[in-house]
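Participant: Pasting upload-v5.cif below, which is mmCIF, N, CA and C atoms.
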data_start
loop_
_atom_site.label_atom_id
_atom_site.label_comp_id
_atom_site.auth_asym_id
_atom_site.auth_seq_id
_atom_site.Cartn_x
_atom_site.Cartn_y
_atom_site.Cartn_z
N ALA A 6 130.77 -21.35 98.00
CA ALA A 6 131.27 -20.28 97.16
C ALA A 6 132.35 -19.48 97.87
N LEU A 7 132.42 -19.56 99.17
CA LEU A 7 133.39 -18.78 99.91
C LEU A 7 134.84 -19.12 99.57
N PRO A 8 135.22 -20.40 99.40
CA PRO A 8 136.62 -20.68 99.08
C PRO A 8 137.10 -20.02 97.79
N ILE A 9 136.22 -19.82 96.82
CA ILE A 9 136.65 -19.21 95.57
C ILE A 9 137.12 -17.77 95.80
N TYR A 10 136.57 -17.08 96.79
CA TYR A 10 137.03 -15.72 97.09
C TYR A 10 138.46 -15.73 97.59
N GLY A 11 138.79 -16.71 98.40
CA GLY A 11 140.16 -16.84 98.89
C GLY A 11 141.12 -17.19 97.77
N ILE A 12 140.70 -18.09 96.88
CA ILE A 12 141.53 -18.46 95.75
C ILE A 12 141.78 -17.26 94.86
N MET A 13 140.74 -16.49 94.56
CA MET A 13 140.90 -15.33 93.69
C MET A 13 141.75 -14.25 94.36
N ALA A 14 141.66 -14.13 95.69
CA ALA A 14 142.52 -13.18 96.41
C ALA A 14 143.98 -13.58 96.27
N LEU A 15 144.27 -14.87 96.38
CA LEU A 15 145.64 -15.35 96.23
C LEU A 15 146.14 -15.19 94.79
N VAL A 16 145.28 -15.45 93.81
CA VAL A 16 145.67 -15.27 92.41
C VAL A 16 145.93 -13.79 92.12
N GLY A 17 145.08 -12.91 92.64
CA GLY A 17 145.30 -11.48 92.46
C GLY A 17 146.60 -11.03 93.11
N GLN A 18 146.89 -11.55 94.30
CA GLN A 18 148.12 -11.21 95.00
C GLN A 18 149.34 -11.72 94.23
N ALA A 19 149.26 -12.91 93.68
CA ALA A 19 150.37 -13.48 92.92
C ALA A 19 150.61 -12.71 91.62
N ASN A 20 149.61 -11.96 91.18
CA ASN A 20 149.71 -11.20 89.94
C ASN A 20 149.78 -9.71 90.20
N GLY A 21 150.48 -9.31 91.24
CA GLY A 21 150.73 -7.91 91.48
C GLY A 21 149.61 -7.16 92.17
N ASN A 22 148.79 -7.86 92.96
CA ASN A 22 147.68 -7.24 93.69
C ASN A 22 146.73 -6.47 92.77
N ARG A 23 146.54 -6.98 91.58
CA ARG A 23 145.60 -6.31 90.68
C ARG A 23 144.24 -6.99 90.76
N ARG A 24 143.22 -6.23 90.40
CA ARG A 24 141.87 -6.79 90.38
C ARG A 24 141.73 -7.71 89.18
N LEU A 25 141.04 -8.81 89.38
CA LEU A 25 140.87 -9.78 88.30
C LEU A 25 139.64 -9.49 87.46
N GLY A 26 138.67 -8.79 88.01
CA GLY A 26 137.45 -8.51 87.26
C GLY A 26 136.53 -9.72 87.24
N LEU A 27 135.76 -9.84 86.18
CA LEU A 27 134.83 -10.96 86.06
C LEU A 27 135.59 -12.25 85.78
N ILE A 28 135.33 -13.25 86.55
CA ILE A 28 136.06 -14.51 86.45
C ILE A 28 135.47 -15.43 85.38
N ASN A 29 134.14 -15.48 85.22
CA ASN A 29 133.53 -16.43 84.30
C ASN A 29 134.04 -16.31 82.87
N PRO A 30 134.12 -15.11 82.27
CA PRO A 30 134.67 -15.05 80.91
C PRO A 30 136.10 -15.57 80.84
N MET A 31 136.87 -15.32 81.88
CA MET A 31 138.24 -15.80 81.95
C MET A 31 138.27 -17.34 81.97
N LEU A 32 137.38 -17.93 82.76
CA LEU A 32 137.33 -19.39 82.84
C LEU A 32 137.01 -20.01 81.49
N TYR A 33 136.06 -19.44 80.77
CA TYR A 33 135.69 -20.00 79.47
C TYR A 33 136.80 -19.80 78.44
N ARG A 34 137.54 -18.69 78.52
CA ARG A 34 138.69 -18.51 77.63
C ARG A 34 139.77 -19.53 77.94
N PHE A 35 140.05 -19.72 79.22
CA PHE A 35 141.10 -20.64 79.62
C PHE A 35 140.71 -22.10 79.40
N LYS A 36 139.43 -22.38 79.30
CA LYS A 36 138.97 -23.75 79.08
C LYS A 36 139.47 -24.29 77.75
N ARG A 37 139.76 -23.40 76.81
CA ARG A 37 140.25 -23.82 75.49
C ARG A 37 141.65 -24.41 75.57
N GLN A 38 142.38 -24.11 76.64
CA GLN A 38 143.75 -24.62 76.80
C GLN A 38 143.68 -26.06 77.30
N SER A 39 144.59 -26.88 76.82
CA SER A 39 144.61 -28.27 77.27
C SER A 39 146.05 -28.69 77.50
N GLY A 40 146.23 -29.85 78.03
CA GLY A 40 147.56 -30.37 78.28
C GLY A 40 147.97 -30.23 79.73
N ALA A 41 149.26 -30.42 79.98
CA ALA A 41 149.77 -30.44 81.34
C ALA A 41 149.63 -29.10 82.05
N GLY A 42 149.69 -27.98 81.34
CA GLY A 42 149.60 -26.67 81.97
C GLY A 42 148.22 -26.06 81.93
N ALA A 43 147.21 -26.86 81.68
CA ALA A 43 145.85 -26.33 81.55
C ALA A 43 145.33 -25.80 82.89
N PRO A 44 144.71 -24.61 82.88
CA PRO A 44 144.15 -24.05 84.11
C PRO A 44 142.93 -24.82 84.63
N ILE A 45 142.21 -25.46 83.73
CA ILE A 45 141.01 -26.21 84.12
C ILE A 45 141.17 -27.64 83.63
N VAL A 46 141.03 -28.58 84.54
CA VAL A 46 141.16 -30.00 84.23
C VAL A 46 139.77 -30.56 83.99
N ASP A 47 139.56 -31.07 82.79
CA ASP A 47 138.26 -31.62 82.41
C ASP A 47 138.04 -32.96 83.10
N ILE A 48 136.85 -33.16 83.65
CA ILE A 48 136.48 -34.42 84.29
C ILE A 48 135.76 -35.26 83.24
N THR A 49 136.39 -36.34 82.79
CA THR A 49 135.82 -37.13 81.70
C THR A 49 135.43 -38.54 82.12
N ALA A 50 135.63 -38.88 83.37
CA ALA A 50 135.30 -40.23 83.83
C ALA A 50 134.56 -40.13 85.17
N GLY A 51 133.89 -41.18 85.51
CA GLY A 51 133.18 -41.23 86.78
C GLY A 51 131.81 -40.59 86.70
N ASP A 52 131.11 -40.60 87.81
CA ASP A 52 129.79 -39.99 87.87
C ASP A 52 129.48 -39.58 89.30
N ASN A 53 128.39 -38.86 89.46
CA ASN A 53 127.93 -38.47 90.80
C ASN A 53 126.55 -39.05 91.07
N TRP A 54 126.27 -40.18 90.50
CA TRP A 54 125.02 -40.93 90.55
C TRP A 54 123.98 -40.38 89.59
N PHE A 55 124.12 -39.16 89.14
CA PHE A 55 123.14 -38.56 88.24
C PHE A 55 123.73 -38.22 86.87
N TYR A 56 124.98 -37.74 86.87
CA TYR A 56 125.62 -37.31 85.63
C TYR A 56 126.99 -37.97 85.49
N SER A 57 127.30 -38.38 84.27
CA SER A 57 128.60 -38.96 83.99
C SER A 57 129.55 -37.90 83.47
N GLY A 58 130.83 -38.08 83.75
CA GLY A 58 131.84 -37.17 83.24
C GLY A 58 132.03 -37.39 81.74
N VAL A 59 131.97 -36.33 80.97
CA VAL A 59 132.16 -36.38 79.52
C VAL A 59 133.10 -35.25 79.14
N PRO A 60 133.75 -35.35 77.98
CA PRO A 60 134.59 -34.24 77.54
C PRO A 60 133.78 -32.95 77.38
N GLY A 61 134.36 -31.84 77.81
CA GLY A 61 133.66 -30.56 77.74
C GLY A 61 132.80 -30.33 78.97
N TYR A 62 131.84 -29.45 78.82
CA TYR A 62 130.95 -29.11 79.94
C TYR A 62 130.01 -30.27 80.23
N ASP A 63 129.79 -30.54 81.50
CA ASP A 63 128.76 -31.49 81.90
C ASP A 63 128.12 -31.00 83.19
N PRO A 64 126.84 -31.35 83.42
CA PRO A 64 126.13 -30.83 84.58
C PRO A 64 126.73 -31.23 85.93
N GLY A 65 127.41 -32.35 85.99
CA GLY A 65 127.97 -32.80 87.25
C GLY A 65 129.23 -32.05 87.67
N ALA A 66 130.12 -31.75 86.73
CA ALA A 66 131.39 -31.12 87.06
C ALA A 66 131.56 -29.75 86.41
N GLY A 67 130.57 -29.32 85.67
CA GLY A 67 130.68 -28.01 85.00
C GLY A 67 131.82 -28.02 84.00
N LEU A 68 132.67 -27.00 84.04
CA LEU A 68 133.82 -26.93 83.15
C LEU A 68 134.92 -27.90 83.56
N GLY A 69 134.97 -28.24 84.83
CA GLY A 69 136.01 -29.13 85.33
C GLY A 69 136.53 -28.63 86.67
N VAL A 70 137.75 -28.99 86.98
CA VAL A 70 138.39 -28.65 88.25
C VAL A 70 139.47 -27.62 88.00
N LEU A 71 139.49 -26.59 88.82
CA LEU A 71 140.45 -25.51 88.67
C LEU A 71 141.81 -25.93 89.22
N ASN A 72 142.85 -25.84 88.39
CA ASN A 72 144.23 -26.01 88.85
C ASN A 72 144.71 -24.60 89.16
N VAL A 73 144.78 -24.24 90.42
CA VAL A 73 145.00 -22.85 90.83
C VAL A 73 146.36 -22.33 90.38
N ALA A 74 147.40 -23.13 90.46
CA ALA A 74 148.74 -22.67 90.02
C ALA A 74 148.73 -22.37 88.53
N ASN A 75 148.13 -23.24 87.73
CA ASN A 75 148.07 -23.01 86.28
C ASN A 75 147.14 -21.86 85.95
N PHE A 76 146.07 -21.70 86.72
CA PHE A 76 145.16 -20.58 86.51
C PHE A 76 145.87 -19.26 86.77
N SER A 77 146.65 -19.19 87.84
CA SER A 77 147.39 -17.98 88.16
C SER A 77 148.40 -17.66 87.05
N ALA A 78 149.07 -18.68 86.54
CA ALA A 78 150.02 -18.48 85.43
C ALA A 78 149.29 -18.00 84.18
N ALA A 79 148.11 -18.54 83.90
CA ALA A 79 147.34 -18.11 82.73
C ALA A 79 146.89 -16.66 82.87
N VAL A 80 146.50 -16.25 84.08
CA VAL A 80 146.13 -14.86 84.33
C VAL A 80 147.33 -13.96 84.06
N ARG A 81 148.49 -14.36 84.56
CA ARG A 81 149.71 -13.58 84.36
C ARG A 81 150.06 -13.47 82.88
N ASN A 82 149.96 -14.59 82.15
CA ASN A 82 150.25 -14.57 80.72
C ASN A 82 149.28 -13.72 79.94
N GLU A 83 148.01 -13.77 80.31
CA GLU A 83 147.01 -12.95 79.63
C GLU A 83 147.26 -11.47 79.89
N ALA A 84 147.66 -11.13 81.12
CA ALA A 84 147.94 -9.72 81.46
C ALA A 84 149.13 -9.21 80.66
N ARG A 85 150.06 -10.09 80.32
CA ARG A 85 151.23 -9.71 79.54
C ARG A 85 150.97 -9.74 78.04
N GLY A 86 149.78 -10.17 77.65
CA GLY A 86 149.44 -10.22 76.23
C GLY A 86 149.78 -11.52 75.55
N HIS A 87 150.18 -12.54 76.34
CA HIS A 87 150.46 -13.86 75.80
C HIS A 87 149.24 -14.74 76.01
N PHE A 88 148.71 -15.26 74.93
CA PHE A 88 147.49 -16.06 75.07
C PHE A 88 147.80 -17.48 74.82
#
Can you dump the structure from the file as structure tokens?
Facilitator:
Amino acid sequence: ALPIYGIMALVGQANGNRRLGLINPMLYRFKRQSGAGAPIVDITAGDNWFYSGVPGYDPGAGLGVLNVANFSAAVRNEARGHF
């Protein structure tokens, strides 16, 4: 869990040193975005011996993998009122 603190510190710094607040609601809002600029990349293939990757939430990968650059851009857009 420690690396996520560093990532959020960098995202906050990239967005004017503002506090980000609760991250989980933000992640679920951003999960609705798809395509090349998506903040969260869905894992739909492969497995970890117990769970297979499927579209949407799955126990093995959760929401997916965070694309930090796209996440930072999504935070910036949301702060500006662009959803």
Participant: To one decimal in Å, tell me the separation between CA of Pro44 (chain A) and atom N of Tyr56 (chain A).
Facilitator: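 So the two atoms, CA of Pro44 (chain A) and atom N of Tyr56 (chain A), lie 23.7 Å apart.
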Participant: Env of Val80 (chain A): 12 Å cut, atoms = only C-alpha atoms, seq-sep filter 6 positions within chain, self excluded. Answer as a list in words.
Facilitator: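 The filter keeps Met13, Leu15, Val16, Gly17, Gln18, Ala19, Asn20, Gly21, Arg23, Arg24, Leu25, Gly26, Ile28, Pro30, Met31, Leu32, Arg34, Phe35, Ala43, Pro44, Val73, Ala74, Gly86, His87 and Phe88 of chain A.
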Participant: Could you tell me how far CA of Asp63 (chain A) sits from atom C of Gly51 (chain A), in Å to one decimal place?
Facilitator: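 One can read the atom C of Gly51 (chain A) to CA of Asp63 (chain A) distance as 10.7 Å.
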Participant: Choose the residue, out of A:Phe76, A:Gly67, A:Gly58, A:Asn22, that has the smallest atom-to-atom separation from Ile45 (chain A); count only N, CA and C atoms.
Facilitator: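 The closest residue to Ile45 (chain A) is A:Phe76.
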Participant: Which residue gives the smallest distance to Leu71 (chain A) among A:Val59, A:Ala84, A:Val46, A:Leu27, with only N, CA and C atoms counted?
Facilitator: A:Val46
Participant: Just to confirm, what's the straight-line distance from CA of Ala41 (chain A) to CA of Glu83 (chain A) in Å (one decimal)?
Facilitator: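 Separating CA of Ala41 (chain A) from CA of Glu83 (chain A) is a distance of 17.8 Å.
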Participant: Write out as a PyMOL selection string the set of residues from chain A that DSSP, computed on the backbone, places in strand (DSSP E or B).
Facilitator: chain A and resi 45-46+52+57+63+67+70-71
Participant: Generate the output file for the selected residues, N, CA and C atoms, as an mmCIF file, in the coordinates of the input.
Facilitator:
data_model
loop_
_atom_site.group_PDB
_atom_site.id
_atom_site.type_symbol
_atom_site.label_atom_id
_atom_site.label_comp_id
_atom_site.auth_asym_id
_atom_site.auth_seq_id
_atom_site.Cartn_x
_atom_site.Cartn_y
_atom_site.Cartn_z
ATOM 1 N N ILE A 45 142.210 -25.460 83.730
ATOM 2 C CA ILE A 45 141.010 -26.210 84.120
ATOM 3 C C ILE A 45 141.170 -27.640 83.630
ATOM 4 N N VAL A 46 141.030 -28.580 84.540
ATOM 5 C CA VAL A 46 141.160 -30.000 84.230
ATOM 6 C C VAL A 46 139.770 -30.560 83.990
ATOM 7 N N ASP A 52 131.110 -40.600 87.810
ATOM 8 C CA ASP A 52 129.790 -39.990 87.870
ATOM 9 C C ASP A 52 129.480 -39.580 89.300
ATOM 10 N N SER A 57 127.300 -38.380 84.270
ATOM 11 C CA SER A 57 128.600 -38.960 83.990
ATOM 12 C C SER A 57 129.550 -37.900 83.470
ATOM 13 N N ASP A 63 129.790 -30.540 81.500
ATOM 14 C CA ASP A 63 128.760 -31.490 81.900
ATOM 15 C C ASP A 63 128.120 -31.000 83.190
ATOM 16 N N GLY A 67 130.570 -29.320 85.670
ATOM 17 C CA GLY A 67 130.680 -28.010 85.000
ATOM 18 C C GLY A 67 131.820 -28.020 84.000
ATOM 19 N N VAL A 70 137.750 -28.990 86.980
ATOM 20 C CA VAL A 70 138.390 -28.650 88.250
ATOM 21 C C VAL A 70 139.470 -27.620 88.000
ATOM 22 N N LEU A 71 139.490 -26.590 88.820
ATOM 23 C CA LEU A 71 140.450 -25.510 88.670
ATOM 24 C C LEU A 71 141.810 -25.930 89.220
#
Participant: List every residue of chain A that DSSP, applied to the backbone, labels as helix (DSSP H, G or I), and write the result as a VMD selection string.
Facilitator: chain A and resid 7 to 19 28 to 35 73 to 84
Participant: Generate a file of the selected residues that holds N, CA and C atoms, formatted as an mmCIF file, in the frame of the given file.
Facilitator:
data_model
loop_
_atom_site.group_PDB
_atom_site.id
_atom_site.type_symbol
_atom_site.label_atom_id
_atom_site.label_comp_id
_atom_site.auth_asym_id
_atom_site.auth_seq_id
_atom_site.Cartn_x
_atom_site.Cartn_y
_atom_site.Cartn_z
ATOM 1 N N LEU A 7 132.420 -19.560 99.170
ATOM 2 C CA LEU A 7 133.390 -18.780 99.910
ATOM 3 C C LEU A 7 134.840 -19.120 99.570
ATOM 4 N N PRO A 8 135.220 -20.400 99.400
ATOM 5 C CA PRO A 8 136.620 -20.680 99.080
ATOM 6 C C PRO A 8 137.100 -20.020 97.790
ATOM 7 N N ILE A 9 136.220 -19.820 96.820
ATOM 8 C CA ILE A 9 136.650 -19.210 95.570
ATOM 9 C C ILE A 9 137.120 -17.770 95.800
ATOM 10 N N TYR A 10 136.570 -17.080 96.790
ATOM 11 C CA TYR A 10 137.030 -15.720 97.090
ATOM 12 C C TYR A 10 138.460 -15.730 97.590
ATOM 13 N N GLY A 11 138.790 -16.710 98.400
ATOM 14 C CA GLY A 11 140.160 -16.840 98.890
ATOM 15 C C GLY A 11 141.120 -17.190 97.770
ATOM 16 N N ILE A 12 140.700 -18.090 96.880
ATOM 17 C CA ILE A 12 141.530 -18.460 95.750
ATOM 18 C C ILE A 12 141.780 -17.260 94.860
ATOM 19 N N MET A 13 140.740 -16.490 94.560
ATOM 20 C CA MET A 13 140.900 -15.330 93.690
ATOM 21 C C MET A 13 141.750 -14.250 94.360
ATOM 22 N N ALA A 14 141.660 -14.130 95.690
ATOM 23 C CA ALA A 14 142.520 -13.180 96.410
ATOM 24 C C ALA A 14 143.980 -13.580 96.270
ATOM 25 N N LEU A 15 144.270 -14.870 96.380
ATOM 26 C CA LEU A 15 145.640 -15.350 96.230
ATOM 27 C C LEU A 15 146.140 -15.190 94.790
ATOM 28 N N VAL A 16 145.280 -15.450 93.810
ATOM 29 C CA VAL A 16 145.670 -15.270 92.410
ATOM 30 C C VAL A 16 145.930 -13.790 92.120
ATOM 31 N N GLY A 17 145.080 -12.910 92.640
ATOM 32 C CA GLY A 17 145.300 -11.480 92.460
ATOM 33 C C GLY A 17 146.600 -11.030 93.110
ATOM 34 N N GLN A 18 146.890 -11.550 94.300
ATOM 35 C CA GLN A 18 148.120 -11.210 95.000
ATOM 36 C C GLN A 18 149.340 -11.720 94.230
ATOM 37 N N ALA A 19 149.260 -12.910 93.680
ATOM 38 C CA ALA A 19 150.370 -13.480 92.920
ATOM 39 C C ALA A 19 150.610 -12.710 91.620
ATOM 40 N N ILE A 28 135.330 -13.250 86.550
ATOM 41 C CA ILE A 28 136.060 -14.510 86.450
ATOM 42 C C ILE A 28 135.470 -15.430 85.380
ATOM 43 N N ASN A 29 134.140 -15.480 85.220
ATOM 44 C CA ASN A 29 133.530 -16.430 84.300
ATOM 45 C C ASN A 29 134.040 -16.310 82.870
ATOM 46 N N PRO A 30 134.120 -15.110 82.270
ATOM 47 C CA PRO A 30 134.670 -15.050 80.910
ATOM 48 C C PRO A 30 136.100 -15.570 80.840
ATOM 49 N N MET A 31 136.870 -15.320 81.880
ATOM 50 C CA MET A 31 138.240 -15.800 81.950
ATOM 51 C C MET A 31 138.270 -17.340 81.970
ATOM 52 N N LEU A 32 137.380 -17.930 82.760
ATOM 53 C CA LEU A 32 137.330 -19.390 82.840
ATOM 54 C C LEU A 32 137.010 -20.010 81.490
ATOM 55 N N TYR A 33 136.060 -19.440 80.770
ATOM 56 C CA TYR A 33 135.690 -20.000 79.470
ATOM 57 C C TYR A 33 136.800 -19.800 78.440
ATOM 58 N N ARG A 34 137.540 -18.690 78.520
ATOM 59 C CA ARG A 34 138.690 -18.510 77.630
ATOM 60 C C ARG A 34 139.770 -19.530 77.940
ATOM 61 N N PHE A 35 140.050 -19.720 79.220
ATOM 62 C CA PHE A 35 141.100 -20.640 79.620
ATOM 63 C C PHE A 35 140.710 -22.100 79.400
ATOM 64 N N VAL A 73 144.780 -24.240 90.420
ATOM 65 C CA VAL A 73 145.000 -22.850 90.830
ATOM 66 C C VAL A 73 146.360 -22.330 90.380
ATOM 67 N N ALA A 74 147.400 -23.130 90.460
ATOM 68 C CA ALA A 74 148.740 -22.670 90.020
ATOM 69 C C ALA A 74 148.730 -22.370 88.530
ATOM 70 N N ASN A 75 148.130 -23.240 87.730
ATOM 71 C CA ASN A 75 148.070 -23.010 86.280
ATOM 72 C C ASN A 75 147.140 -21.860 85.950
ATOM 73 N N PHE A 76 146.070 -21.700 86.720
ATOM 74 C CA PHE A 76 145.160 -20.580 86.510
ATOM 75 C C PHE A 76 145.870 -19.260 86.770
ATOM 76 N N SER A 77 146.650 -19.190 87.840
ATOM 77 C CA SER A 77 147.390 -17.980 88.160
ATOM 78 C C SER A 77 148.400 -17.660 87.050
ATOM 79 N N ALA A 78 149.070 -18.680 86.540
ATOM 80 C CA ALA A 78 150.020 -18.480 85.430
ATOM 81 C C ALA A 78 149.290 -18.000 84.180
ATOM 82 N N ALA A 79 148.110 -18.540 83.900
ATOM 83 C CA ALA A 79 147.340 -18.110 82.730
ATOM 84 C C ALA A 79 146.890 -16.660 82.870
ATOM 85 N N VAL A 80 146.500 -16.250 84.080
ATOM 86 C CA VAL A 80 146.130 -14.860 84.330
ATOM 87 C C VAL A 80 147.330 -13.960 84.060
ATOM 88 N N ARG A 81 148.490 -14.360 84.560
ATOM 89 C CA ARG A 81 149.710 -13.580 84.360
ATOM 90 C C ARG A 81 150.060 -13.470 82.880
ATOM 91 N N ASN A 82 149.960 -14.590 82.150
ATOM 92 C CA ASN A 82 150.250 -14.570 80.720
ATOM 93 C C ASN A 82 149.280 -13.720 79.940
ATOM 94 N N GLU A 83 148.010 -13.770 80.310
ATOM 95 C CA GLU A 83 147.010 -12.950 79.630
ATOM 96 C C GLU A 83 147.260 -11.470 79.890
ATOM 97 N N ALA A 84 147.660 -11.130 81.120
ATOM 98 C CA ALA A 84 147.940 -9.720 81.460
ATOM 99 C C ALA A 84 149.130 -9.210 80.660
#
Participant: Once you add 3 Å to each side, what are the centre and edge lengths of the axis-aligned box holding all listed atoms of region 32-49 of chain A? One decimal in Å, as JSON, if you can.
Facilitator:
{"center_x": 142.6, "center_y": -28.2, "center_z": 80.1, "size_x": 20.3, "size_y": 26.6, "size_z": 15.1}
Participant: With distances taken over only C-alpha atoms, which residue among A:Phe55, A:Ala79, A:Pro8, A:Arg85 lies nearest Gln38 (chain A)?
Facilitator: A:Ala79
Participant: Identify which of the residues A:Ala78, A:Tyr33, A:Gly65, A:Ala14 lies closest to Ala50 (chain A), counting only C-alpha atoms when measuring atom-to-atom distances.
Facilitator: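 Smallest distance to Ala50 (chain A) is found for A:Gly65.
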